[in-house]
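Asks: The structure file work.tsv (TSV, C-alpha atoms and all ligand atoms) is provided below.
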```tsv
chain	number	residue	atom	x	y	z
A	1	MET	CA	-12.92	3.87	5.09
A	2	LYS	CA	-13.40	4.87	1.48
A	3	THR	CA	-10.89	3.28	-0.89
A	4	LYS	CA	-8.58	5.99	-2.25
A	5	ILE	CA	-7.95	6.37	-5.95
A	6	TYR	CA	-4.40	7.13	-7.08
A	7	ALA	CA	-3.84	7.96	-10.73
A	8	HIS	CA	-1.09	5.59	-11.84
A	9	ARG	CA	1.67	7.71	-13.42
A	10	GLY	CA	-1.09	10.32	-13.66
A	11	ALA	CA	-4.17	9.63	-15.80
A	12	SER	CA	-1.86	7.61	-18.03
A	13	ARG	CA	-4.52	6.08	-20.25
A	14	TYR	CA	-5.30	9.55	-21.60
A	15	ALA	CA	-2.02	11.47	-21.51
A	16	PRO	CA	1.69	10.58	-21.53
A	17	GLU	CA	2.64	8.90	-18.25
A	18	ASN	CA	4.42	10.88	-15.53
A	19	THR	CA	3.96	14.24	-17.30
A	20	MET	CA	2.14	17.38	-16.19
A	21	PRO	CA	-0.78	16.81	-18.61
A	22	ALA	CA	-1.32	13.36	-17.06
A	23	PHE	CA	-1.18	14.78	-13.53
A	24	GLN	CA	-3.46	17.70	-14.39
A	25	LEU	CA	-6.01	15.35	-15.96
A	26	ALA	CA	-5.96	13.12	-12.89
A	27	TYR	CA	-6.70	16.15	-10.73
A	28	GLU	CA	-9.57	17.22	-12.99
A	29	MET	CA	-10.97	13.68	-12.90
A	30	LYS	CA	-11.02	13.96	-9.10
A	31	ALA	CA	-8.48	11.30	-8.27
A	32	ASP	CA	-7.52	11.39	-4.59
A	33	GLY	CA	-3.86	11.11	-5.38
A	34	ILE	CA	-1.04	10.72	-7.87
A	35	GLU	CA	1.38	7.81	-8.13
A	36	THR	CA	4.69	8.55	-9.81
A	37	ASP	CA	8.12	6.99	-10.30
A	38	VAL	CA	11.31	8.82	-9.38
A	39	GLN	CA	14.94	8.43	-10.47
A	40	LEU	CA	18.04	10.63	-10.37
A	41	THR	CA	19.74	12.47	-13.22
A	42	LYS	CA	23.53	12.47	-13.62
A	43	ASP	CA	23.66	15.68	-11.59
A	44	GLY	CA	21.48	14.19	-8.86
A	45	VAL	CA	18.09	15.76	-9.54
A	46	PRO	CA	14.97	13.64	-8.83
A	47	VAL	CA	12.94	13.32	-12.05
A	48	LEU	CA	9.73	11.48	-12.80
A	49	ILE	CA	10.09	8.60	-15.22
A	50	HIS	CA	9.25	4.92	-15.03
A	51	ASP	CA	11.95	3.17	-17.04
A	52	GLU	CA	15.68	3.43	-16.33
A	53	ASN	CA	16.15	4.03	-20.05
A	54	VAL	CA	14.48	7.05	-21.67
A	55	ARG	CA	13.82	5.26	-24.97
A	56	ARG	CA	10.22	4.11	-24.47
A	57	THR	CA	8.72	7.39	-23.25
A	58	THR	CA	10.85	10.06	-24.95
A	59	ASN	CA	12.54	10.78	-28.26
A	60	GLY	CA	15.95	10.11	-26.66
A	61	THR	CA	18.08	7.03	-26.03
A	62	GLY	CA	20.19	5.89	-23.10
A	63	PHE	CA	19.87	5.94	-19.35
A	64	VAL	CA	18.35	8.58	-17.11
A	65	GLU	CA	21.49	8.49	-14.94
A	66	ASP	CA	23.61	9.58	-17.93
A	67	TYR	CA	21.59	12.75	-18.57
A	68	THR	CA	22.04	16.02	-16.71
A	69	LEU	CA	18.84	17.83	-15.81
A	70	GLU	CA	19.44	20.34	-18.56
A	71	GLU	CA	19.88	17.56	-21.12
A	72	ILE	CA	16.91	15.48	-20.01
A	73	LYS	CA	14.68	18.55	-20.08
A	74	GLN	CA	15.37	18.88	-23.83
A	75	LEU	CA	13.72	15.51	-24.51
A	76	ASP	CA	10.19	15.24	-25.86
A	77	ALA	CA	8.22	13.05	-23.45
A	78	GLY	CA	4.87	13.49	-25.17
A	79	SER	CA	5.14	12.69	-28.91
A	80	TRP	CA	5.49	8.92	-28.38
A	81	PHE	CA	1.99	9.01	-26.90
A	82	SER	CA	0.31	11.42	-29.31
A	83	SER	CA	1.29	14.36	-31.51
A	84	LYS	CA	-1.14	16.37	-29.39
A	85	TYR	CA	1.45	16.20	-26.58
A	86	ALA	CA	4.52	17.06	-28.67
A	87	GLY	CA	6.99	19.16	-26.70
A	88	THR	CA	5.91	17.90	-23.27
A	89	SER	CA	8.97	17.63	-21.06
A	90	ILE	CA	10.07	15.34	-18.24
A	91	VAL	CA	8.95	16.69	-14.86
A	92	THR	CA	11.18	17.08	-11.81
A	93	LEU	CA	9.87	15.89	-8.46
A	94	GLU	CA	10.12	19.46	-7.25
A	95	GLU	CA	7.82	20.66	-10.06
A	96	LEU	CA	5.26	18.04	-9.09
A	97	LEU	CA	5.41	19.04	-5.43
A	98	GLN	CA	4.98	22.73	-6.26
A	99	TRP	CA	1.97	21.91	-8.38
A	100	ALA	CA	0.40	19.48	-5.88
A	101	LYS	CA	0.98	21.57	-2.78
A	102	PRO	CA	-2.12	23.83	-3.00
A	103	LYS	CA	-4.35	21.01	-4.33
A	104	GLN	CA	-4.65	18.69	-1.32
A	105	LEU	CA	-3.76	15.70	-3.48
A	106	LEU	CA	-2.30	12.59	-1.90
A	107	LEU	CA	1.05	11.47	-3.30
A	108	ASN	CA	2.74	8.14	-3.80
A	109	ILE	CA	6.38	8.55	-4.69
A	110	GLU	CA	7.76	5.26	-5.93
A	111	LEU	CA	11.54	5.04	-5.64
A	112	LYS	CA	12.78	3.35	-8.81
A	113	ASN	CA	15.92	1.93	-7.34
A	114	ASN	CA	15.49	-1.79	-7.81
A	115	VAL	CA	17.51	-1.98	-11.05
A	116	ILE	CA	19.94	0.92	-10.68
A	117	GLU	CA	20.99	1.85	-7.18
A	118	TYR	CA	20.79	5.63	-6.96
A	119	LYS	CA	22.87	6.24	-3.85
A	120	LYS	CA	21.27	9.48	-2.71
A	121	LEU	CA	17.72	8.94	-3.96
A	122	GLU	CA	16.16	8.49	-0.52
A	123	GLN	CA	17.88	11.54	0.95
A	124	LYS	CA	16.97	13.80	-1.99
A	125	VAL	CA	13.34	12.74	-2.09
A	126	TYR	CA	13.03	13.17	1.66
A	127	GLN	CA	14.61	16.62	1.56
A	128	LEU	CA	12.14	17.85	-1.06
A	129	LEU	CA	9.10	16.45	0.75
A	130	PHE	CA	10.33	18.02	3.97
A	131	THR	CA	10.98	21.38	2.32
A	132	TYR	CA	7.49	21.47	0.78
A	133	ASP	CA	5.95	20.14	4.00
A	134	LEU	CA	4.24	17.30	2.16
A	135	LEU	CA	5.35	14.30	4.19
A	136	ASP	CA	1.98	13.92	5.86
A	137	ARG	CA	0.10	13.28	2.64
A	138	THR	CA	2.77	11.20	0.94
A	139	VAL	CA	3.43	7.49	0.95
A	140	ILE	CA	6.86	6.42	-0.26
A	141	SER	CA	7.17	2.99	-1.86
A	142	SER	CA	9.83	0.72	-3.25
A	143	PHE	CA	10.33	-2.81	-4.53
A	144	ASN	CA	13.74	-2.65	-2.86
A	145	PRO	CA	13.67	-3.60	0.85
A	146	LYS	CA	17.10	-2.02	1.41
A	147	SER	CA	15.79	1.31	0.20
A	148	ILE	CA	12.88	1.09	2.64
A	149	GLU	CA	15.31	0.49	5.51
A	150	LYS	CA	17.44	3.40	4.32
A	151	PHE	CA	14.43	5.73	4.22
A	152	LYS	CA	13.31	4.68	7.70
A	153	LYS	CA	16.76	5.62	9.00
A	154	ILE	CA	16.31	9.14	7.65
A	155	ASP	CA	12.93	9.52	9.34
A	156	ARG	CA	11.37	6.65	11.28
A	157	ASN	CA	7.92	8.25	11.10
A	158	VAL	CA	7.75	8.33	7.33
A	159	ASN	CA	4.79	6.58	5.71
A	160	ILE	CA	6.40	3.91	3.58
A	161	ALA	CA	5.16	0.82	1.76
A	162	PHE	CA	6.79	-2.31	0.45
A	163	LEU	CA	5.99	-3.04	-3.20
A	164	THR	CA	5.73	-6.52	-4.61
A	165	SER	CA	4.45	-8.19	-7.74
A	166	THR	CA	4.95	-11.73	-6.45
A	167	LYS	CA	3.53	-13.85	-3.68
A	168	ILE	CA	5.81	-13.83	-0.66
A	169	ARG	CA	5.32	-16.14	2.30
A	170	ARG	CA	4.27	-14.27	5.42
A	171	LEU	CA	4.23	-11.00	3.48
A	172	ALA	CA	2.57	-9.02	6.26
A	173	ASN	CA	5.19	-10.17	8.81
A	174	PHE	CA	8.01	-9.39	6.42
A	175	THR	CA	6.59	-5.92	5.80
A	176	LYS	CA	6.27	-5.22	9.53
A	177	LEU	CA	9.87	-6.31	10.10
A	178	LEU	CA	11.00	-3.88	7.42
A	179	GLY	CA	9.27	-1.11	9.32
A	180	ALA	CA	6.89	-0.31	6.49
A	181	SER	CA	3.31	0.71	7.19
A	182	GLY	CA	1.76	-0.66	4.05
A	183	ILE	CA	1.98	-3.12	1.18
A	184	HIS	CA	1.50	-2.27	-2.48
A	185	ILE	CA	0.70	-5.36	-4.50
A	186	LYS	CA	0.02	-6.31	-8.07
A	187	TYR	CA	-3.67	-7.03	-8.55
A	188	ARG	CA	-3.17	-10.68	-9.38
A	189	ILE	CA	-1.90	-11.49	-5.88
A	190	LEU	CA	-4.83	-9.83	-4.12
A	191	SER	CA	-6.74	-12.27	-1.91
A	192	THR	CA	-9.19	-12.10	0.97
A	193	HIS	CA	-6.53	-13.81	3.08
A	194	LEU	CA	-4.05	-11.01	2.43
A	195	VAL	CA	-6.69	-8.37	3.15
A	196	GLY	CA	-7.29	-10.07	6.51
A	197	GLU	CA	-3.57	-10.30	7.26
A	198	CYS	CA	-3.12	-6.59	6.57
A	199	GLN	CA	-6.04	-5.72	8.81
A	200	LYS	CA	-4.65	-7.92	11.57
A	201	HIS	CA	-1.24	-6.24	11.37
A	202	GLY	CA	-2.60	-2.71	10.90
A	203	LEU	CA	-1.07	-2.42	7.45
A	204	ASP	CA	-2.44	-0.39	4.55
A	205	LEU	CA	-3.05	-2.39	1.39
A	206	ARG	CA	-2.91	-0.64	-1.97
A	207	VAL	CA	-3.30	-2.45	-5.27
A	208	TYR	CA	-1.92	-1.81	-8.77
A	209	THR	CA	-2.70	-1.46	-11.67
A	210	VAL	CA	-6.44	-1.77	-11.51
A	211	ASN	CA	-8.18	-0.67	-14.69
A	212	ARG	CA	-11.02	-3.12	-15.34
A	213	PRO	CA	-14.35	-2.16	-13.76
A	214	ALA	CA	-14.88	-5.61	-12.20
A	215	GLN	CA	-11.41	-5.53	-10.64
A	216	ILE	CA	-11.88	-1.98	-9.38
A	217	VAL	CA	-15.18	-2.94	-7.74
A	218	ARG	CA	-13.59	-6.03	-6.16
A	219	CYS	CA	-10.96	-3.83	-4.52
A	220	TYR	CA	-13.69	-1.54	-3.18
A	221	LYS	CA	-15.69	-4.45	-1.82
A	222	LEU	CA	-12.65	-5.98	-0.13
A	223	GLY	CA	-11.97	-2.67	1.57
A	224	CYS	CA	-8.51	-2.09	0.08
A	225	THR	CA	-6.90	1.13	1.29
A	226	ALA	CA	-6.34	2.33	-2.26
A	227	ILE	CA	-6.02	1.40	-5.89
A	228	PHE	CA	-3.63	2.66	-8.53
A	229	THR	CA	-5.37	3.10	-11.85
A	230	ASP	CA	-4.65	4.51	-15.31
A	231	VAL	CA	-8.36	5.44	-15.55
A	232	PRO	CA	-9.25	7.52	-12.50
A	233	ASP	CA	-12.40	8.82	-14.20
A	234	ILE	CA	-13.86	5.30	-14.35
A	235	ALA	CA	-12.73	4.50	-10.80
A	236	VAL	CA	-14.34	7.67	-9.42
A	237	LYS	CA	-17.65	6.86	-11.12
A	238	LEU	CA	-17.64	3.28	-9.86
A	239	LEU	CA	-16.90	4.38	-6.31
A	240	LEU	CA	-20.10	6.42	-6.16
A	241	HIS	CA	-22.14	3.26	-6.73
A	242	ASN	CA	-20.12	0.56	-5.02
A	243	GLN	CA	-18.53	1.68	-1.79
A	244	SER	CA	-20.28	0.04	1.12
B	301	LIG	O1	3.48	1.88	-7.50
B	301	LIG	C1	2.63	0.95	-8.10
B	301	LIG	C2	3.13	0.55	-9.46
B	301	LIG	O2	3.41	1.70	-10.19
B	301	LIG	C3	4.36	-0.32	-9.40
B	301	LIG	O3	4.75	-0.80	-10.64
B	301	LIG	O4	6.05	-0.81	-12.72
B	301	LIG	O5	3.93	0.49	-12.61
B	301	LIG	O6	5.94	1.28	-11.39
B	301	LIG	P1	5.19	0.09	-11.88
B	302	MG	MG	5.13	3.01	-10.29
```
Taking this structure as input, can you express it in the form of structure tokens?
Ligand code: G3P
Ligand code: MG
Replies:
Amino acid sequence: MKTKIYAHRGASRYAPENTMPAFQLAYEMKADGIETDVQLTKDGVPVLIHDENVRRTTNGTGFVEDYTLEEIKQLDAGSWFSSKYAGTSIVTLEELLQWAKPKQLLLNIELKNNVIEYKKLEQKVYQLLFTYDLLDRTVISSFNPKSIEKFKKIDRNVNIAFLTSTKIRRLANFTKLLGASGIHIKYRILSTHLVGECQKHGLDLRVYTVNRPAQIVRCYKLGCTAIFTDVPDIAVKLLLHNQS
């Protein structure tokens, strides 16, 4: 199977992460999918932003959970990256789904609930994916095992992956026990052993954040299910020459 290429927070090397320009660019660069991070506003709307605090990627300060949708939409999520993107706003999950629906893009919705526990995040994300009929091309992921269990209770057939940046003993077993169907790992813990374990247990293995050509090619050669990359253009080019 061809390794899939997910644009990490969109084509985030070239446009402000988790914004429509970054998603649009990823699509134009022919990424297979989009990875994005989701959190809830004060009024319970799923929005796409990586950090719990808006400071790094907008002109605002404070926590996402303290902003209503109307307030968070006023923030400039583009100027920090480049003046070219001034006025770019934070995207709701619903806006992303509407945009992605006719494009046949794969989606990875990462639940950002490992620092702040958004009580209804799982339910709200599920409801939107269900409404837009996009569950079959979406993989949900989370660093938080409790959130994975919660999601599985909503729909046991959902495609969900456990995220980890550290080595965990018997990771494949642990993932199976959680009821997840895949593992998303930081590149530095990738090993041939883990690839074998995932194959043995029928688990998908997706790797982040893979930007260097040699690392991208290694993932292809090992037969990883997918990579998450800030540079989907480079990954697409390399795939043409290196997929066995
Ligand atoms: O979902 C893969 C990757 O995005 C996880 O880490 O911090 O970039 O969201 P982070
Ligand atoms: Mg992420």
Asks: Grab me every residue within 8 Å of ligand LIG 301 (chain B), counting all atoms listed in the file, and send it over as a list in words.
Replies: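 Counting only what the definition allows, namely all atoms listed in the file, the set is His8, Arg9, Glu35, Thr36, Asp37, His50, Asn108, Ile109, Glu110, Lys112, Ser141, Ser142, Leu163, Thr164, Ser165, His184, Ile185, Lys186, Val207, Tyr208, Thr209 and Phe228 of chain A.
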Asks: Check the smallest atom-to-atom distance from each of A:Ala86, A:Leu48, A:Leu171, A:Met1 to ligand MG 302 (chain B) using all atoms listed in the file, then report the winner.
Replies: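 Nearest to ligand MG 302 (chain B): A:Leu48.
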Asks: From the list A:Tyr126, A:Tyr132, A:Tyr6, A:Tyr85, which residue is nearest ligand MG 302 (chain B) when using all atoms listed in the file?
Replies: A:Tyr6
Asks: Using Å and a single decimal, report how far atom CA of A:Gly33 sits from atom CA of A:Asn59.
Replies: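 Value for the atom CA of A:Asn59-atom CA of A:Gly33 distance: 28.2 Å.
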Asks: With all atoms listed in the file as the counted atoms, please give the residues lying no more than 9 Å from A:Ile148, apart from itself and same-chain residues fewer than 6 positions off, as a list in words.
Replies: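 Residues meeting the cut-off are Glu122, Ile140, Ser141, Ser142, Ile160, Ala161, Phe162, Leu178, Gly179 and Ala180 of chain A.
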Asks: Restricting the calculation to only C-alpha atoms and all ligand atoms: of A:Ala7, A:Ala100, A:Cys224, A:Ile168, which residue gets closest to ligand MG 302 (chain B)?
Replies: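 Among the listed residues, the smallest separation from ligand MG 302 (chain B) belongs to A:Ala7.
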Asks: Could you check which of A:Val45, A:Pro16, A:Gln104, A:Leu40 is closest to A:Trp80, using only C-alpha atoms?
Replies: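 Nearest to A:Trp80: A:Pro16.
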Asks: I'd like the neighbourhood of A:Asp133 as a list in words, where a residue qualifies if any of its atoms comes within 10 Å (using only C-alpha atoms), though same-chain residues fewer than 6 positions away should be ignored.
Replies: Leu97, Lys101 and Gln127 of chain A
Asks: Kindly indicate which residue among A:Thr192, A:Asn242, A:Gln123, A:Thr225 lies nearest to A:Lys150, using all atoms listed in the file for the distances.
Replies: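 Among the listed residues, the smallest separation from A:Lys150 belongs to A:Gln123.
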Asks: For atom CA of A:Thr92 and atom CA of A:Val64, determine how far apart the two atoms are, in Å to one decimal place.
Replies: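 The value is 12.3 Å.
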Asks: For a test of reading the model, state the distance in Å between atom CA of A:Asp230 and atom CA of A:Gln98, rounded to one decimal.
Replies: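 Here the two named atoms are 22.5 Å from each other.
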Asks: For a cut-off of 8 Å around (-2.8, -1.2, 6.7), file coordinates, pick out all residues using only C-alpha atoms and list them as an MDAnalysis selection string.
Replies: chainID A and resid 181:183 198:199 201:205 225
Asks: Centre and edge lengths of an axis-aligned box around all listed atoms of stretch 10-21 of chain A, with 5 Å added on each side, are to be given in Å to one decimal, as lines of an AutoDock Vina configuration file.
Replies:
```
center_x = -0.4
center_y = 11.7
center_z = -17.6
size_x = 19.7
size_y = 21.3
size_z = 17.9
```
Asks: Using all atoms listed in the file, pick whichever of A:Ile49, A:Met20, A:Val231, A:Ile5 has the shortest atom-to-atom distance to ligand MG 302 (chain B).
Replies: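 With all atoms listed in the file as the atom set, the closest residue is A:Ile49.
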Asks: Quick one: everything within 9 Å of A:Cys219, counting all atoms listed in the file, minus sequence neighbours fewer than 6 positions away in the same chain. Send it as a compact mmCIF listing (two decimals) with C-alpha atoms, in the frame of the given file.
Replies:
```txt
# COMPACT_ATOMS: atom_id res chain seq x y z
CA THR A 3 -10.89 3.28 -0.89
CA TYR A 187 -3.67 -7.03 -8.55
CA LEU A 190 -4.83 -9.83 -4.12
CA VAL A 207 -3.30 -2.45 -5.27
CA VAL A 210 -6.44 -1.77 -11.51
CA THR A 225 -6.90 1.13 1.29
CA ALA A 226 -6.34 2.33 -2.26
CA ILE A 227 -6.02 1.40 -5.89
```
